[in-house]
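Here is structure_21.csv, consisting of CSV, C-alpha atoms:
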chain,number,residue,atom,x,y,z
U,16,ASP,CA,42.9,12.5,-8.1
U,17,LYS,CA,41.1,10.1,-10.3
U,18,CYS,CA,38.4,7.4,-9.8
U,19,PRO,CA,40.2,4.0,-10.0
U,20,GLU,CA,37.1,2.5,-11.7
U,21,CYS,CA,36.3,5.0,-14.5
U,22,GLY,CA,39.1,7.6,-14.4
U,23,ALA,CA,36.8,10.6,-13.7
U,24,ASP,CA,37.9,13.4,-11.4
U,25,LEU,CA,37.3,13.0,-7.7
U,26,GLU,CA,35.9,15.7,-5.4
U,27,ARG,CA,35.6,16.1,-1.7
U,28,ALA,CA,33.0,18.3,-0.1
U,29,GLU,CA,34.4,20.7,2.5
U,30,GLY,CA,34.3,19.2,6.0
U,31,GLU,CA,33.8,15.6,4.7
U,32,ALA,CA,36.4,12.8,4.7
U,33,ALA,CA,35.1,11.0,1.6
U,34,TYR,CA,36.2,11.5,-1.9
U,35,ARG,CA,33.5,11.0,-4.5
U,36,CYS,CA,33.7,10.2,-8.2
U,37,THR,CA,32.2,12.8,-10.5
U,38,GLY,CA,31.7,10.4,-13.4
U,39,ASP,CA,28.1,10.2,-14.7
U,40,SER,CA,28.5,6.7,-16.1
U,41,CYS,CA,30.9,5.2,-13.5
U,42,PRO,CA,30.1,1.4,-13.5
U,43,ALA,CA,31.1,1.1,-9.8
U,44,GLN,CA,28.6,3.8,-8.8
U,45,LEU,CA,25.9,2.3,-11.0
U,46,VAL,CA,26.2,-1.1,-9.3
U,47,ARG,CA,26.3,0.3,-5.8
U,48,SER,CA,23.4,2.6,-6.4
U,49,ILE,CA,21.2,-0.3,-7.7
U,50,ILE,CA,22.3,-2.5,-4.8
U,51,HIS,CA,21.0,0.2,-2.5
U,52,PHE,CA,17.9,0.7,-4.6
U,53,ALA,CA,17.1,-3.1,-4.4
U,54,SER,CA,18.0,-3.5,-0.7
U,55,ARG,CA,15.5,-4.6,2.0
U,56,ASP,CA,14.9,-1.2,3.6
U,57,ALA,CA,14.6,0.4,0.1
U,58,MET,CA,12.6,-1.3,-2.7
U,59,ASP,CA,13.2,-4.8,-1.3
U,60,ILE,CA,13.8,-6.7,-4.6
U,61,GLU,CA,14.8,-10.2,-3.6
U,62,GLY,CA,17.1,-11.8,-6.1
U,63,LEU,CA,18.6,-8.6,-7.3
U,64,GLY,CA,21.8,-8.9,-5.3
U,65,PRO,CA,25.4,-7.9,-6.2
U,66,ALA,CA,26.2,-11.0,-8.3
U,67,MET,CA,23.0,-10.7,-10.4
U,68,LEU,CA,23.4,-7.0,-10.8
U,69,GLU,CA,27.0,-7.3,-12.0
U,70,GLN,CA,25.8,-9.9,-14.6
U,71,LEU,CA,23.1,-7.6,-15.8
U,72,VAL,CA,25.4,-4.6,-16.1
U,73,ASN,CA,28.1,-6.5,-17.8
U,74,ALA,CA,25.6,-7.9,-20.3
U,75,ASP,CA,24.5,-4.3,-21.1
U,76,LEU,CA,21.0,-5.0,-19.8
U,77,LEU,CA,21.0,-2.5,-16.9
U,78,HIS,CA,22.2,1.1,-17.2
U,79,ASN,CA,20.1,2.8,-14.4
U,80,ILE,CA,17.4,2.1,-11.9
U,81,VAL,CA,14.6,2.7,-14.5
U,82,ASP,CA,15.9,-0.3,-16.5
U,83,ILE,CA,15.0,-2.6,-13.6
U,84,TYR,CA,11.4,-2.2,-14.6
U,85,SER,CA,11.8,-2.8,-18.3
U,86,LEU,CA,14.2,-5.8,-18.2
U,87,ASP,CA,14.3,-8.1,-21.2
U,88,TYR,CA,13.7,-11.4,-19.3
U,89,ASP,CA,14.4,-13.5,-22.3
U,90,LYS,CA,17.9,-12.1,-22.3
U,91,VAL,CA,18.2,-12.4,-18.6
U,92,SER,CA,17.5,-16.1,-18.9
U,93,GLU,CA,20.5,-16.5,-21.2
U,94,LEU,CA,22.9,-15.4,-18.4
U,95,GLU,CA,24.8,-17.9,-16.3
U,96,ARG,CA,23.1,-19.5,-13.3
U,97,THR,CA,19.7,-18.0,-14.3
U,98,GLY,CA,17.3,-20.8,-14.8
U,99,GLU,CA,13.6,-20.4,-15.5
U,100,LYS,CA,12.6,-20.4,-11.8
U,101,THR,CA,15.3,-17.8,-10.9
U,102,VAL,CA,14.1,-15.5,-13.7
U,103,GLN,CA,10.4,-15.9,-12.7
U,104,ASN,CA,11.2,-15.2,-9.1
U,105,LEU,CA,13.2,-12.1,-10.1
U,106,LYS,CA,10.3,-10.8,-12.2
U,107,ASN,CA,7.8,-11.4,-9.4
U,108,ALA,CA,10.0,-9.5,-6.9
U,109,ILE,CA,10.4,-6.6,-9.3
U,110,ASP,CA,6.7,-6.4,-10.0
U,111,LYS,CA,5.9,-6.6,-6.3
U,112,SER,CA,8.2,-3.7,-5.6
U,113,LYS,CA,6.1,-1.4,-7.8
U,114,GLU,CA,3.5,-1.5,-5.1
U,115,ASN,CA,5.8,-0.1,-2.3
U,116,ASP,CA,5.0,3.0,-0.3
U,117,LEU,CA,6.5,6.2,-1.6
U,118,SER,CA,8.8,6.4,1.4
U,119,LYS,CA,10.7,3.3,0.3
U,120,LEU,CA,11.2,4.7,-3.2
U,121,LEU,CA,12.5,8.0,-1.7
U,122,PHE,CA,15.0,6.2,0.4
U,123,ALA,CA,15.9,3.9,-2.6
U,124,PHE,CA,16.9,7.0,-4.6
U,125,GLY,CA,20.0,7.3,-2.5
U,126,ILE,CA,19.7,11.0,-2.0
U,127,ARG,CA,22.7,12.3,0.1
U,128,HIS,CA,21.7,12.6,3.8
U,129,ILE,CA,18.2,11.2,3.2
U,130,GLY,CA,17.8,8.0,5.1
U,131,ALA,CA,14.8,5.8,5.7
U,132,LYS,CA,13.4,8.0,8.4
U,133,ALA,CA,13.7,11.1,6.3
U,134,GLY,CA,12.0,9.2,3.4
U,135,LYS,CA,9.0,8.5,5.6
U,136,LEU,CA,8.8,12.2,6.7
U,137,LEU,CA,8.8,13.3,3.1
U,138,SER,CA,6.2,10.7,2.1
U,139,GLU,CA,3.8,11.5,4.9
U,140,HIS,CA,4.2,15.3,4.7
U,141,PHE,CA,3.7,15.6,0.9
U,142,GLY,CA,1.6,12.5,0.1
U,143,ASP,CA,2.9,12.1,-3.5
U,144,ILE,CA,5.9,12.6,-5.6
U,145,ASP,CA,4.4,15.5,-7.6
U,146,ALA,CA,4.1,17.7,-4.5
U,147,ILE,CA,7.7,16.9,-3.6
U,148,LEU,CA,8.9,17.9,-7.1
U,149,ASN,CA,7.2,21.3,-6.7
U,150,ALA,CA,8.5,21.9,-3.2
U,151,THR,CA,11.2,24.5,-2.3
U,152,ALA,CA,14.1,24.2,0.2
U,153,GLU,CA,11.9,26.2,2.6
U,154,ASP,CA,9.1,23.7,2.2
U,155,PHE,CA,11.4,20.9,3.1
U,156,GLU,CA,12.9,22.7,6.0
U,157,SER,CA,9.4,23.3,7.5
U,158,ILE,CA,9.0,19.5,8.1
U,159,GLU,CA,9.4,18.6,11.7
U,160,GLY,CA,12.6,16.6,12.0
U,161,PHE,CA,14.2,18.2,8.9
U,162,GLY,CA,17.2,20.5,9.2
U,163,SER,CA,18.8,22.7,6.6
U,164,ILE,CA,21.3,20.1,5.4
U,165,LEU,CA,18.4,17.6,4.6
U,166,ALA,CA,16.3,20.3,3.1
U,167,GLU,CA,19.1,21.6,0.8
U,168,SER,CA,20.0,18.0,-0.3
U,169,ALA,CA,16.3,17.1,-1.1
U,170,ALA,CA,15.7,20.4,-2.9
U,171,GLU,CA,18.8,20.0,-5.0
U,172,PHE,CA,18.0,16.4,-6.0
U,173,PHE,CA,14.4,17.0,-7.0
U,174,SER,CA,15.3,20.1,-9.0
U,175,LEU,CA,17.5,18.2,-11.4
U,176,ASP,CA,16.1,17.5,-14.9
U,177,ASP,CA,17.6,14.0,-14.7
U,178,THR,CA,15.5,13.3,-11.5
U,179,LYS,CA,12.3,14.6,-13.1
U,180,GLU,CA,12.9,12.5,-16.2
U,181,MET,CA,13.6,9.4,-14.1
U,182,ILE,CA,10.5,9.8,-12.0
U,183,LEU,CA,8.3,10.3,-15.2
U,184,LYS,CA,9.7,7.0,-16.5
U,185,LEU,CA,9.2,5.1,-13.3
U,186,LYS,CA,5.5,6.3,-13.1
U,187,ALA,CA,5.0,5.2,-16.7
U,188,LEU,CA,6.3,1.8,-15.9
U,189,GLY,CA,3.8,1.4,-13.0
U,190,VAL,CA,5.9,2.2,-10.0
U,191,ASN,CA,3.8,3.7,-7.2
U,192,THR,CA,4.7,7.3,-6.3
U,193,ARG,CA,2.1,8.0,-3.6
U,194,SER,CA,2.0,7.5,0.2
U,195,LEU,CA,0.1,4.4,1.2
U,196,LYS,CA,0.1,5.2,4.9
U,197,GLU,CA,-3.2,4.3,6.5
U,198,ILE,CA,-4.0,5.3,10.0
U,199,LYS,CA,-6.1,2.5,11.5
U,200,ASP,CA,-6.9,4.6,14.6
U,201,ASN,CA,-5.1,7.1,16.8
U,202,ARG,CA,-4.5,5.0,19.9
U,203,PHE,CA,-0.8,5.9,19.9
U,204,ALA,CA,-1.3,9.6,18.9
U,205,GLY,CA,1.2,11.8,20.8
U,206,MET,CA,3.3,8.8,21.8
U,207,THR,CA,6.9,8.1,20.9
U,208,PHE,CA,8.3,4.5,21.0
U,209,VAL,CA,11.9,3.4,21.0
U,210,LEU,CA,12.7,-0.1,19.8
U,211,THR,CA,15.7,-1.9,21.1
U,212,GLY,CA,17.1,-5.5,21.1
U,213,THR,CA,15.9,-8.4,18.9
U,214,LEU,CA,12.1,-9.1,18.9
U,215,PRO,CA,10.9,-12.7,18.7
U,216,THR,CA,8.7,-12.3,15.6
U,217,TYR,CA,8.9,-8.7,14.3
U,218,GLN,CA,11.6,-7.0,12.4
U,219,ARG,CA,12.1,-3.5,13.9
U,220,SER,CA,10.9,-1.9,10.7
U,221,GLU,CA,7.7,-4.0,10.9
U,222,ALA,CA,7.0,-3.0,14.5
U,223,ALA,CA,7.7,0.6,13.6
U,224,ALA,CA,5.2,0.5,10.7
U,225,ILE,CA,2.5,-0.9,13.1
U,226,ILE,CA,3.2,1.9,15.6
U,227,GLU,CA,2.9,4.5,12.9
U,228,SER,CA,-0.3,2.9,11.6
U,229,PHE,CA,-1.9,3.7,15.0
U,230,GLY,CA,-0.7,7.3,14.9
U,231,GLY,CA,2.5,6.9,16.9
U,232,LYS,CA,6.1,7.8,16.3
U,233,THR,CA,9.4,6.0,16.7
U,234,SER,CA,12.7,7.4,17.7
U,235,SER,CA,16.2,6.0,17.7
U,236,SER,CA,17.2,7.4,21.1
U,237,VAL,CA,15.7,7.3,24.6
U,238,SER,CA,14.9,10.7,26.2
U,239,LYS,CA,12.4,12.2,28.6
U,240,LYS,CA,10.1,12.6,25.7
U,241,THR,CA,10.0,8.8,25.1
U,242,SER,CA,6.6,7.2,26.0
U,243,ILE,CA,7.4,3.5,25.8
U,244,VAL,CA,10.5,1.3,25.0
U,245,LEU,CA,9.7,-1.9,23.2
U,246,ALA,CA,12.6,-4.2,24.2
U,247,GLY,CA,13.7,-7.6,22.8
U,248,GLU,CA,16.5,-9.9,23.6
U,249,GLU,CA,20.0,-8.4,24.1
U,250,ALA,CA,18.6,-4.9,24.7
U,251,GLY,CA,21.5,-2.7,25.9
U,252,SER,CA,22.1,0.9,26.8
U,253,LYS,CA,18.7,2.1,25.6
U,254,LEU,CA,17.0,-0.3,28.1
U,255,ASP,CA,19.3,0.9,30.9
U,256,LYS,CA,18.6,4.5,30.1
U,257,ALA,CA,14.8,3.9,30.0
U,258,ASN,CA,14.9,2.2,33.4
U,259,SER,CA,17.0,5.1,34.8
U,260,LEU,CA,14.4,7.6,33.6
U,261,GLY,CA,11.5,5.6,34.8
U,262,ILE,CA,10.1,5.1,31.2
U,263,LYS,CA,7.7,2.3,30.7
U,264,VAL,CA,9.3,-0.8,29.1
U,265,ILE,CA,7.3,-3.5,27.3
U,266,ASP,CA,8.0,-6.8,25.5
U,267,GLU,CA,6.5,-8.1,22.3
U,268,ASN,CA,3.6,-9.9,24.1
U,269,GLU,CA,2.6,-6.7,25.8
U,270,PHE,CA,2.9,-4.9,22.5
U,271,ASN,CA,0.6,-7.4,20.8
U,272,GLU,CA,-2.0,-6.8,23.6
U,273,MET,CA,-1.8,-3.0,22.9
U,274,ILE,CA,-2.4,-3.4,19.1
U,275,LYS,CA,-5.3,-5.9,19.3

Here is the file; what I need is its structure written in the form of structure tokens.
Amino acid sequence: DKCPECGADLERAEGEAAYRCTGDSCPAQLVRSIIHFASRDAMDIEGLGPAMLEQLVNADLLHNIVDIYSLDYDKVSELERTGEKTVQNLKNAIDKSKENDLSKLLFAFGIRHIGAKAGKLLSEHFGDIDAILNATAEDFESIEGFGSILAESAAEFFSLDDTKEMILKLKALGVNTRSLKEIKDNRFAGMTFVLTGTLPTYQRSEAAAIIESFGGKTSSSVSKKTSIVLAGEEAGSKLDKANSLGIKVIDENEFNEMIK
């Protein structure tokens, strides 16, 4: 009935298994939300891992994600195991994260049901955070790939006064809130790629970004609509399905030839 961390009431949405804490200032939720915010697929802030975050929260230096961008680095340097180089590296990583594409910021917010793919769809469709703040549930649902659950979740989050205040503060602190997507050319326009296995030099997210920069799309599943499967080592069922459907399969070398 109660959160074991802060004692607030728990709630469970109909049809869901998870119980969620309703406490606005639950320390466990704070740490987990910032861990997600700083993670690689989100704002990618190297050095802001669980151990450092717990130190910052316990030292009363971090109360929300906005505080990341206004840290008192003199006080951070007084914490255990935080030498001058560690603090400087952390500052550099935080400053670098301000330049991220809007899609990463949207995913970093941790909006229920909104993953990295949905964050990209929002970023590319609206272009900047102000357009998103002014959007309705119907506007969100009109995005290809968005259903009613995603649309309602996004609409609810961006209608909150706390969300609007947070975004204003992030903008004032220099965090980018615009889409940076640049289409180099449209050689992959109308094509859908599926990535599977481990590529020799690219992370999947890097390869996907390259494909999108040439006007293509990526999907997590193979179907008759798939144009090309980019396969690395230990590719499994997706590769098998591509072969059974007669879909073109390429490796990283062939991919590099295509993007020259």

> What is the distance between atom CA of U:Tyr34 and atom CA of U:Ile49, in Å to one decimal?
Replying inline: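 The value is 19.9 Å.
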
> Which neighbours of U:Asp255 fall inside 12 Å, counting all atoms listed in the file, when residues of the same chain fewer than 3 positions from it are skipped, and could you give them as a ChimeraX atom specification?
Replying inline: /U:211-212,236-238,244,246,249-252,258-264

>> Give me the residues near U:Ser242 as a VMD selection string, where near means some atom within 6 Å (using all atoms listed in the file) and where sequence neighbours in that chain fewer than 4 positions away do not count.
In response: chain U and resid 206 to 208

>> One decimal, in Å: what's the spacing between atom CA of U:Ala108 and atom CA of U:Met58?
In response: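 These atoms are spaced 9.6 Å apart.
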
> Given the choices U:Arg47, U:Leu148, U:Cys21, U:Lys135, which gets closest to U:Glu180 if the distance is worked out from all atoms listed in the file?
Replying inline: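 Among the listed residues, U:Leu148 lies closest to U:Glu180.
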